[in-house]
>>> print(open('model12.cif').read())   # mmCIF, C-alpha atoms and all ligand atoms
data_coords
loop_
_atom_site.group_PDB
_atom_site.id
_atom_site.type_symbol
_atom_site.label_atom_id
_atom_site.label_comp_id
_atom_site.auth_asym_id
_atom_site.auth_seq_id
_atom_site.Cartn_x
_atom_site.Cartn_y
_atom_site.Cartn_z
ATOM 1 C CA MET A 1 14.314 16.308 -11.561
ATOM 2 C CA LYS A 2 11.234 17.935 -13.102
ATOM 3 C CA VAL A 3 8.911 17.878 -10.083
ATOM 4 C CA GLN A 4 10.049 20.204 -7.298
ATOM 5 C CA LEU A 5 8.630 20.092 -3.780
ATOM 6 C CA SER A 6 6.756 23.366 -4.443
ATOM 7 C CA ASP A 7 4.979 21.716 -7.429
ATOM 8 C CA ILE A 8 3.330 19.100 -5.204
ATOM 9 C CA LYS A 9 -0.252 19.949 -4.208
ATOM 10 C CA VAL A 10 -1.628 18.374 -1.036
ATOM 11 C CA LEU A 11 -4.421 15.845 -1.590
ATOM 12 C CA PHE A 12 -4.525 14.194 1.853
ATOM 13 C CA SER A 13 -2.973 16.002 4.805
ATOM 14 C CA GLU A 14 -1.033 14.358 7.606
ATOM 15 C CA GLU A 15 -4.062 14.814 9.903
ATOM 16 C CA GLN A 16 -6.453 13.200 7.405
ATOM 17 C CA ILE A 17 -4.119 10.243 6.884
ATOM 18 C CA GLN A 18 -3.541 9.634 10.594
ATOM 19 C CA LYS A 19 -7.265 9.898 11.385
ATOM 20 C CA ARG A 20 -8.148 7.386 8.655
ATOM 21 C CA ILE A 21 -5.415 4.978 9.785
ATOM 22 C CA LYS A 22 -6.873 4.975 13.313
ATOM 23 C CA GLU A 23 -10.305 4.164 11.870
ATOM 24 C CA ILE A 24 -8.932 1.275 9.773
ATOM 25 C CA ALA A 25 -6.929 -0.035 12.732
ATOM 26 C CA SER A 26 -9.970 -0.077 14.962
ATOM 27 C CA GLU A 27 -11.875 -2.153 12.343
ATOM 28 C CA MET A 28 -8.900 -4.541 12.256
ATOM 29 C CA ASN A 29 -8.647 -4.754 16.047
ATOM 30 C CA GLU A 30 -12.314 -5.670 16.145
ATOM 31 C CA PHE A 31 -12.008 -8.256 13.338
ATOM 32 C CA TYR A 32 -8.929 -10.052 14.689
ATOM 33 C CA ASN A 33 -10.184 -9.874 18.278
ATOM 34 C CA GLY A 34 -6.748 -10.483 19.835
ATOM 35 C CA GLU A 35 -5.677 -13.265 17.432
ATOM 36 C CA GLU A 36 -2.089 -13.286 16.219
ATOM 37 C CA VAL A 37 -1.433 -11.557 12.878
ATOM 38 C CA TYR A 38 1.422 -11.672 10.372
ATOM 39 C CA ALA A 39 1.489 -8.206 8.810
ATOM 40 C CA VAL A 40 3.291 -8.132 5.447
ATOM 41 C CA CYS A 41 4.454 -4.693 4.324
ATOM 42 C CA VAL A 42 5.026 -4.361 0.583
ATOM 43 C CA LEU A 43 8.157 -2.241 0.153
ATOM 44 C CA LYS A 44 8.957 0.356 -0.658
ATOM 45 C CA GLY A 45 5.717 2.301 -1.074
ATOM 46 C CA ALA A 46 3.792 0.941 1.933
ATOM 47 C CA VAL A 47 6.551 1.686 4.429
ATOM 48 C CA MET A 48 4.933 4.746 6.045
ATOM 49 C CA PHE A 49 1.376 3.412 6.048
ATOM 50 C CA ALA A 50 2.421 0.019 7.428
ATOM 51 C CA ALA A 51 4.579 1.567 10.162
ATOM 52 C CA ASP A 52 1.792 3.893 11.334
ATOM 53 C CA LEU A 53 -0.902 1.214 11.012
ATOM 54 C CA VAL A 54 0.831 -1.522 13.017
ATOM 55 C CA LYS A 55 1.442 0.950 15.867
ATOM 56 C CA CYS A 56 -2.354 1.174 16.241
ATOM 57 C CA LEU A 57 -2.938 -2.603 16.234
ATOM 58 C CA ASN A 58 -3.277 -4.324 19.588
ATOM 59 C CA MET A 59 -2.945 -8.066 18.844
ATOM 60 C CA PRO A 60 0.309 -10.122 18.930
ATOM 61 C CA LEU A 61 1.813 -9.172 15.576
ATOM 62 C CA ARG A 62 4.804 -10.127 13.452
ATOM 63 C CA PHE A 63 5.943 -7.454 11.053
ATOM 64 C CA GLU A 64 7.317 -8.880 7.784
ATOM 65 C CA PHE A 65 8.607 -7.121 4.672
ATOM 66 C CA ILE A 66 8.706 -8.062 1.027
ATOM 67 C CA ARG A 67 9.822 -6.010 -1.933
ATOM 68 C CA LEU A 68 7.974 -5.939 -5.242
ATOM 69 C CA SER A 69 8.259 -3.479 -8.087
ATOM 70 C CA SER A 70 6.128 -2.678 -11.104
ATOM 71 C CA TYR A 71 6.795 0.998 -11.918
ATOM 72 C CA GLY A 72 10.587 1.204 -12.223
ATOM 73 C CA SER A 73 11.317 4.914 -12.489
ATOM 74 C CA ALA A 74 8.310 5.664 -14.714
ATOM 75 C CA THR A 75 4.979 7.106 -13.633
ATOM 76 C CA THR A 76 2.813 4.402 -15.183
ATOM 77 C CA THR A 77 2.891 0.710 -14.371
ATOM 78 C CA SER A 78 5.040 -1.560 -16.542
ATOM 79 C CA GLY A 79 2.294 -4.201 -16.284
ATOM 80 C CA LYS A 80 4.869 -6.697 -15.038
ATOM 81 C CA VAL A 81 5.415 -7.377 -11.352
ATOM 82 C CA ASN A 82 8.969 -8.086 -10.197
ATOM 83 C CA ALA A 83 9.510 -9.988 -6.961
ATOM 84 C CA VAL A 84 12.668 -8.265 -5.779
ATOM 85 C CA ASP A 85 12.556 -10.051 -2.400
ATOM 86 C CA ILE A 86 9.632 -12.222 -1.414
ATOM 87 C CA SER A 87 11.126 -14.268 1.427
ATOM 88 C CA LEU A 88 8.424 -14.914 3.998
ATOM 89 C CA PRO A 89 8.207 -17.076 7.127
ATOM 90 C CA ASP A 90 5.927 -20.126 7.265
ATOM 91 C CA LEU A 91 2.424 -18.661 6.954
ATOM 92 C CA ASN A 92 0.538 -21.958 7.210
ATOM 93 C CA GLY A 93 -2.343 -21.594 9.663
ATOM 94 C CA LYS A 94 -1.661 -17.874 10.171
ATOM 95 C CA ASN A 95 -3.755 -14.727 9.791
ATOM 96 C CA VAL A 96 -1.980 -12.769 7.061
ATOM 97 C CA LEU A 97 -2.535 -9.050 6.607
ATOM 98 C CA ILE A 98 -0.982 -7.619 3.439
ATOM 99 C CA ILE A 99 -0.290 -3.889 3.630
ATOM 100 C CA GLU A 100 0.043 -1.936 0.369
ATOM 101 C CA ASP A 101 0.292 1.762 -0.446
ATOM 102 C CA ILE A 102 -2.023 1.845 -3.473
ATOM 103 C CA VAL A 103 -3.966 -0.555 -5.663
ATOM 104 C CA ASP A 104 -3.865 0.720 -9.240
ATOM 105 C CA THR A 105 -4.169 -1.959 -11.963
ATOM 106 C CA GLY A 106 -4.355 -4.547 -9.169
ATOM 107 C CA LEU A 107 -1.624 -6.658 -10.811
ATOM 108 C CA THR A 108 0.698 -6.370 -7.816
ATOM 109 C CA ALA A 109 -2.091 -7.341 -5.431
ATOM 110 C CA LYS A 110 -3.085 -10.299 -7.616
ATOM 111 C CA PHE A 111 0.513 -11.483 -7.903
ATOM 112 C CA LEU A 112 0.931 -11.390 -4.153
ATOM 113 C CA LEU A 113 -2.386 -12.998 -3.280
ATOM 114 C CA ASP A 114 -1.725 -15.793 -5.819
ATOM 115 C CA PHE A 115 1.752 -16.281 -4.364
ATOM 116 C CA ILE A 116 0.422 -16.613 -0.818
ATOM 117 C CA HIS A 117 -2.458 -18.896 -1.806
ATOM 118 C CA CYS A 118 -0.114 -21.142 -3.870
ATOM 119 C CA ASN A 119 2.506 -21.476 -1.145
ATOM 120 C CA PHE A 120 0.560 -21.505 2.137
ATOM 121 C CA LYS A 121 -2.653 -22.778 3.669
ATOM 122 C CA THR A 122 -3.295 -19.679 5.750
ATOM 123 C CA LYS A 123 -6.016 -19.191 8.358
ATOM 124 C CA SER A 124 -7.016 -15.921 6.664
ATOM 125 C CA VAL A 125 -5.644 -13.393 4.187
ATOM 126 C CA LYS A 126 -6.742 -9.746 4.233
ATOM 127 C CA PHE A 127 -5.515 -7.004 1.944
ATOM 128 C CA ALA A 128 -5.194 -3.422 3.191
ATOM 129 C CA SER A 129 -4.349 -0.515 0.904
ATOM 130 C CA LEU A 130 -4.153 3.125 1.935
ATOM 131 C CA LEU A 131 -5.256 4.225 -1.541
ATOM 132 C CA ASP A 132 -7.572 2.708 -4.127
ATOM 133 C CA LYS A 133 -7.222 3.963 -7.727
ATOM 134 C CA LYS A 134 -9.914 2.069 -9.615
ATOM 135 C CA ILE A 135 -9.746 3.817 -12.976
ATOM 136 C CA PHE A 136 -7.008 1.564 -14.476
ATOM 137 C CA ARG A 137 -7.981 -1.653 -12.663
ATOM 138 C CA GLN A 138 -7.203 -4.789 -14.710
ATOM 139 C CA THR A 139 -8.136 -7.400 -12.095
ATOM 140 C CA GLU A 140 -11.083 -8.207 -9.846
ATOM 141 C CA ILE A 141 -9.100 -7.218 -6.759
ATOM 142 C CA GLU A 142 -10.878 -5.156 -4.098
ATOM 143 C CA PRO A 143 -8.962 -4.292 -0.918
ATOM 144 C CA ASP A 144 -10.574 -5.586 2.299
ATOM 145 C CA TYR A 145 -9.453 -2.395 4.044
ATOM 146 C CA MET A 146 -9.007 0.864 2.189
ATOM 147 C CA GLY A 147 -8.088 4.401 3.228
ATOM 148 C CA PHE A 148 -9.110 6.720 0.401
ATOM 149 C CA HIS A 149 -10.415 6.465 -3.148
ATOM 150 C CA VAL A 150 -8.343 8.406 -5.684
ATOM 151 C CA ASP A 151 -8.855 9.280 -9.332
ATOM 152 C CA ASP A 152 -6.440 9.514 -12.245
ATOM 153 C CA LYS A 153 -3.538 11.275 -10.509
ATOM 154 C CA PHE A 154 0.053 10.252 -9.976
ATOM 155 C CA LEU A 155 0.407 10.506 -6.217
ATOM 156 C CA ILE A 156 3.538 11.426 -4.355
ATOM 157 C CA GLY A 157 4.498 11.346 -0.683
ATOM 158 C CA TYR A 158 3.956 9.283 2.459
ATOM 159 C CA GLY A 159 5.865 6.344 0.966
ATOM 160 C CA LEU A 160 4.910 6.971 -2.661
ATOM 161 C CA ASP A 161 7.828 8.187 -4.739
ATOM 162 C CA TYR A 162 8.487 10.349 -7.733
ATOM 163 C CA ASP A 163 11.587 8.808 -9.354
ATOM 164 C CA GLY A 164 12.770 7.657 -5.925
ATOM 165 C CA TYR A 165 12.158 11.019 -4.222
ATOM 166 C CA TYR A 166 9.583 12.406 -1.785
ATOM 167 C CA ARG A 167 8.691 9.172 0.031
ATOM 168 C CA ASN A 168 9.466 11.110 3.218
ATOM 169 C CA LEU A 169 6.576 13.585 2.900
ATOM 170 C CA ARG A 170 4.042 13.434 5.731
ATOM 171 C CA TYR A 171 1.174 14.117 3.308
ATOM 172 C CA ILE A 172 0.034 12.657 -0.022
ATOM 173 C CA GLY A 173 0.085 15.041 -2.945
ATOM 174 C CA TYR A 174 0.150 15.169 -6.715
ATOM 175 C CA ALA A 175 1.825 17.163 -9.437
ATOM 176 C CA ASP A 176 0.314 18.476 -12.676
ATOM 177 C CA LYS A 177 0.428 15.909 -15.474
ATOM 178 C CA SER A 178 2.461 18.278 -17.680
ATOM 179 C CA LEU A 179 5.366 17.981 -15.217
ATOM 180 C CA LEU A 180 5.291 14.178 -15.324
ATOM 181 C CA GLU A 181 5.627 13.764 -19.096
HETATM 182 P P1 LIG B 201 -0.606 -1.956 -9.512
HETATM 183 O O1 LIG B 201 0.119 -3.253 -9.635
HETATM 184 O O2 LIG B 201 -1.881 -2.059 -8.713
HETATM 185 O O3 LIG B 201 -0.850 -1.319 -10.867
HETATM 186 O O4 LIG B 201 0.329 -0.919 -8.823
HETATM 187 C C1 LIG B 201 0.757 -1.034 -7.563
HETATM 188 C C2 LIG B 201 2.044 -0.255 -7.367
HETATM 189 O O5 LIG B 201 2.243 0.778 -8.333
HETATM 190 C C3 LIG B 201 1.949 0.466 -6.056
HETATM 191 O O6 LIG B 201 2.365 -0.377 -5.007
HETATM 192 C C4 LIG B 201 2.847 1.669 -6.270
HETATM 193 O O7 LIG B 201 4.167 1.322 -5.961
HETATM 194 C C5 LIG B 201 2.740 1.953 -7.755
HETATM 195 N N1 LIG B 201 1.785 3.067 -7.994
HETATM 196 C C6 LIG B 201 0.519 2.992 -8.472
HETATM 197 N N2 LIG B 201 -0.057 4.211 -8.556
HETATM 198 C C7 LIG B 201 0.890 5.090 -8.111
HETATM 199 C C8 LIG B 201 0.897 6.519 -7.925
HETATM 200 O O8 LIG B 201 -0.071 7.252 -8.171
HETATM 201 N N3 LIG B 201 2.063 7.044 -7.430
HETATM 202 C C9 LIG B 201 3.165 6.299 -7.142
HETATM 203 N N4 LIG B 201 4.252 6.924 -6.671
HETATM 204 N N5 LIG B 201 3.185 4.951 -7.284
HETATM 205 C C10 LIG B 201 2.052 4.358 -7.757
#
>>> encode(input="model12.cif", output="structure tokens")
Amino acid sequence: MKVQLSDIKVLFSEEQIQKRIKEIASEMNEFYNGEEVYAVCVLKGAVMFAADLVKCLNMPLRFEFIRLSSYGSATTTSGKVNAVDISLPDLNGKNVLIIEDIVDTGLTAKFLLDFIHCNFKTKSVKFASLLDKKIFRQTEIEPDYMGFHVDDKFLIGYGLDYDGYYRNLRYIGYADKSLLE
């Protein structure tokens, strides 16, 4: 493995992430105003964000999980979204909150939103992403809730992996591009 833990520079600390999650959650608590929500965590990357976010939400909530992949083991998107496991309960008439780690090209978000709109007549669909990397965006997708804007960096930690590693970090960091080639 080329990237060692000591190569990863902190971009957002644990404190910054947790503070921002509380702010996003309070916007959501206000918006949903006690209505039931189906939160859909997009595995694997959103696992940490979704877990911390739902703990701050105060409405009746069902926590669902789907698994999509677009990166494989590379550090740039393949441009093709794979639905590894997209089994969902009946979302007709429900408030659906999709929880993602990062919107990059937006292809994953578009795939998922199209899937939900094609299969269900929901009450509402909102898209939350901890990170928003606009520089390579290929779709019109804008998250309804967003934690931090990021530029052209490959981010690692807090759910985001480098070749399957480092999802367990409490912070979000990045490594020099030369190490990723
Ligand atoms: P998109 O379909 O928007 O291009 O990419 C979404 C997925 O690509 C994310 O859910 C995430 O898994 C992966 N991804 C995008 N940017 C990064 C990054 O900087 N680091 C890591 N580890 N994964 C990323």
>>> closest_atom_pairs(input="model12.cif", of="chain A", to="ligand LIG 201 (chain B)", cutoff="6 Å", atoms="all atoms listed in the file", output="JSON lines")
{"residue": "A:Gly45", "atom": "CA", "partner": "B:LIG201", "partner_atom": "O7", "distance": 5.2}
{"residue": "A:Ser70", "atom": "CA", "partner": "B:LIG201", "partner_atom": "O5", "distance": 5.9}
{"residue": "A:Tyr71", "atom": "CA", "partner": "B:LIG201", "partner_atom": "O5", "distance": 5.8}
{"residue": "A:Thr77", "atom": "CA", "partner": "B:LIG201", "partner_atom": "O3", "distance": 5.5}
{"residue": "A:Asp101", "atom": "CA", "partner": "B:LIG201", "partner_atom": "O6", "distance": 5.4}
{"residue": "A:Ile102", "atom": "CA", "partner": "B:LIG201", "partner_atom": "C3", "distance": 4.9}
{"residue": "A:Val103", "atom": "CA", "partner": "B:LIG201", "partner_atom": "O2", "distance": 4.0}
{"residue": "A:Asp104", "atom": "CA", "partner": "B:LIG201", "partner_atom": "O2", "distance": 3.5}
{"residue": "A:Thr105", "atom": "CA", "partner": "B:LIG201", "partner_atom": "O3", "distance": 3.6}
{"residue": "A:Gly106", "atom": "CA", "partner": "B:LIG201", "partner_atom": "O2", "distance": 3.5}
{"residue": "A:Leu107", "atom": "CA", "partner": "B:LIG201", "partner_atom": "O1", "distance": 4.0}
{"residue": "A:Thr108", "atom": "CA", "partner": "B:LIG201", "partner_atom": "O1", "distance": 3.7}
{"residue": "A:Lys153", "atom": "CA", "partner": "B:LIG201", "partner_atom": "O8", "distance": 5.8}
{"residue": "A:Phe154", "atom": "CA", "partner": "B:LIG201", "partner_atom": "O8", "distance": 3.5}
{"residue": "A:Leu155", "atom": "CA", "partner": "B:LIG201", "partner_atom": "O8", "distance": 3.8}
{"residue": "A:Ile156", "atom": "CA", "partner": "B:LIG201", "partner_atom": "N4", "distance": 5.1}
{"residue": "A:Leu160", "atom": "CA", "partner": "B:LIG201", "partner_atom": "N4", "distance": 4.1}
{"residue": "A:Asp161", "atom": "CA", "partner": "B:LIG201", "partner_atom": "N4", "distance": 4.3}
{"residue": "A:Tyr162", "atom": "CA", "partner": "B:LIG201", "partner_atom": "N4", "distance": 5.5}
>>> resolve_selection(input="model12.cif", expression="the PyMOL selection byres (((chain A and resi 31) around 12) and not hetatm)", output="MDAnalysis selection string")
chainID A and resid 24:30 32:37 57:59 95 97 124 126 144:145
>>> atom_distance(input="model12.cif", atom1="CA of Ile172 in chain A", atom2="CA of Val54 in chain A")
19.3 Å
>>> resolve_selection(input="model12.cif", expression="the PyMOL selection byres (((chain A and resi 114-123) around 9) and not hetatm)", output="CSV table (one decimal) with C-alpha atoms, in the frame of the given file")
chain,number,residue,atom,x,y,z
A,90,ASP,CA,5.9,-20.1,7.3
A,91,LEU,CA,2.4,-18.7,7.0
A,92,ASN,CA,0.5,-22.0,7.2
A,93,GLY,CA,-2.3,-21.6,9.7
A,94,LYS,CA,-1.7,-17.9,10.2
A,95,ASN,CA,-3.8,-14.7,9.8
A,96,VAL,CA,-2.0,-12.8,7.1
A,109,ALA,CA,-2.1,-7.3,-5.4
A,110,LYS,CA,-3.1,-10.3,-7.6
A,111,PHE,CA,0.5,-11.5,-7.9
A,112,LEU,CA,0.9,-11.4,-4.2
A,113,LEU,CA,-2.4,-13.0,-3.3
A,124,SER,CA,-7.0,-15.9,6.7
A,125,VAL,CA,-5.6,-13.4,4.2
>>> closest_residue(input="model12.cif", among="A:Asp151, A:Glu181, A:Asp163, A:Glu15", to="Asp132 in chain A", atoms="only C-alpha atoms")
A:Asp151
>>> atom_distance(input="model12.cif", atom1="CA of Glu100 in chain A", atom2="CA of Lys19 in chain A")
17.7 Å
>>> atom_distance(input="model12.cif", atom1="CA of Asp52 in chain A", atom2="CA of Gln18 in chain A")
7.9 Å
>>> residues_around(input="model12.cif", residues="Met146 in chain A", least_positions_apart="2", cutoff="7 Å", atoms="only C-alpha atoms", output="number ranges by chain")
A: 128-132, 143-144, 148
>>> closest_residue(input="model12.cif", among="A:Gly147, A:Leu169, A:Ser87, A:Leu179", to="Gln16 in chain A", atoms="only C-alpha atoms")
A:Gly147
>>> resolve_selection(input="model12.cif", expression="the PyMOL selection byres (((chain A and resi 48) around 10) and not hetatm)", output="PyMOL selection string")
chain A and resi 41+43-47+49-53+101+157-160+167-170
>>> residues_around(input="model12.cif", residues="Ser6 in chain A", least_positions_apart="3", cutoff="12 Å", atoms="only C-alpha atoms", output="list of chain:residue names")
A:Lys2, A:Val3, A:Lys9, A:Val10, A:Tyr166, A:Gly173, A:Tyr174, A:Ala175, A:Asp176
>>> closest_residue(input="model12.cif", among="A:Ile21, A:Ile98, A:Val42, A:Cys56", to="Val84 in chain A", atoms="all atoms listed in the file")
A:Val42
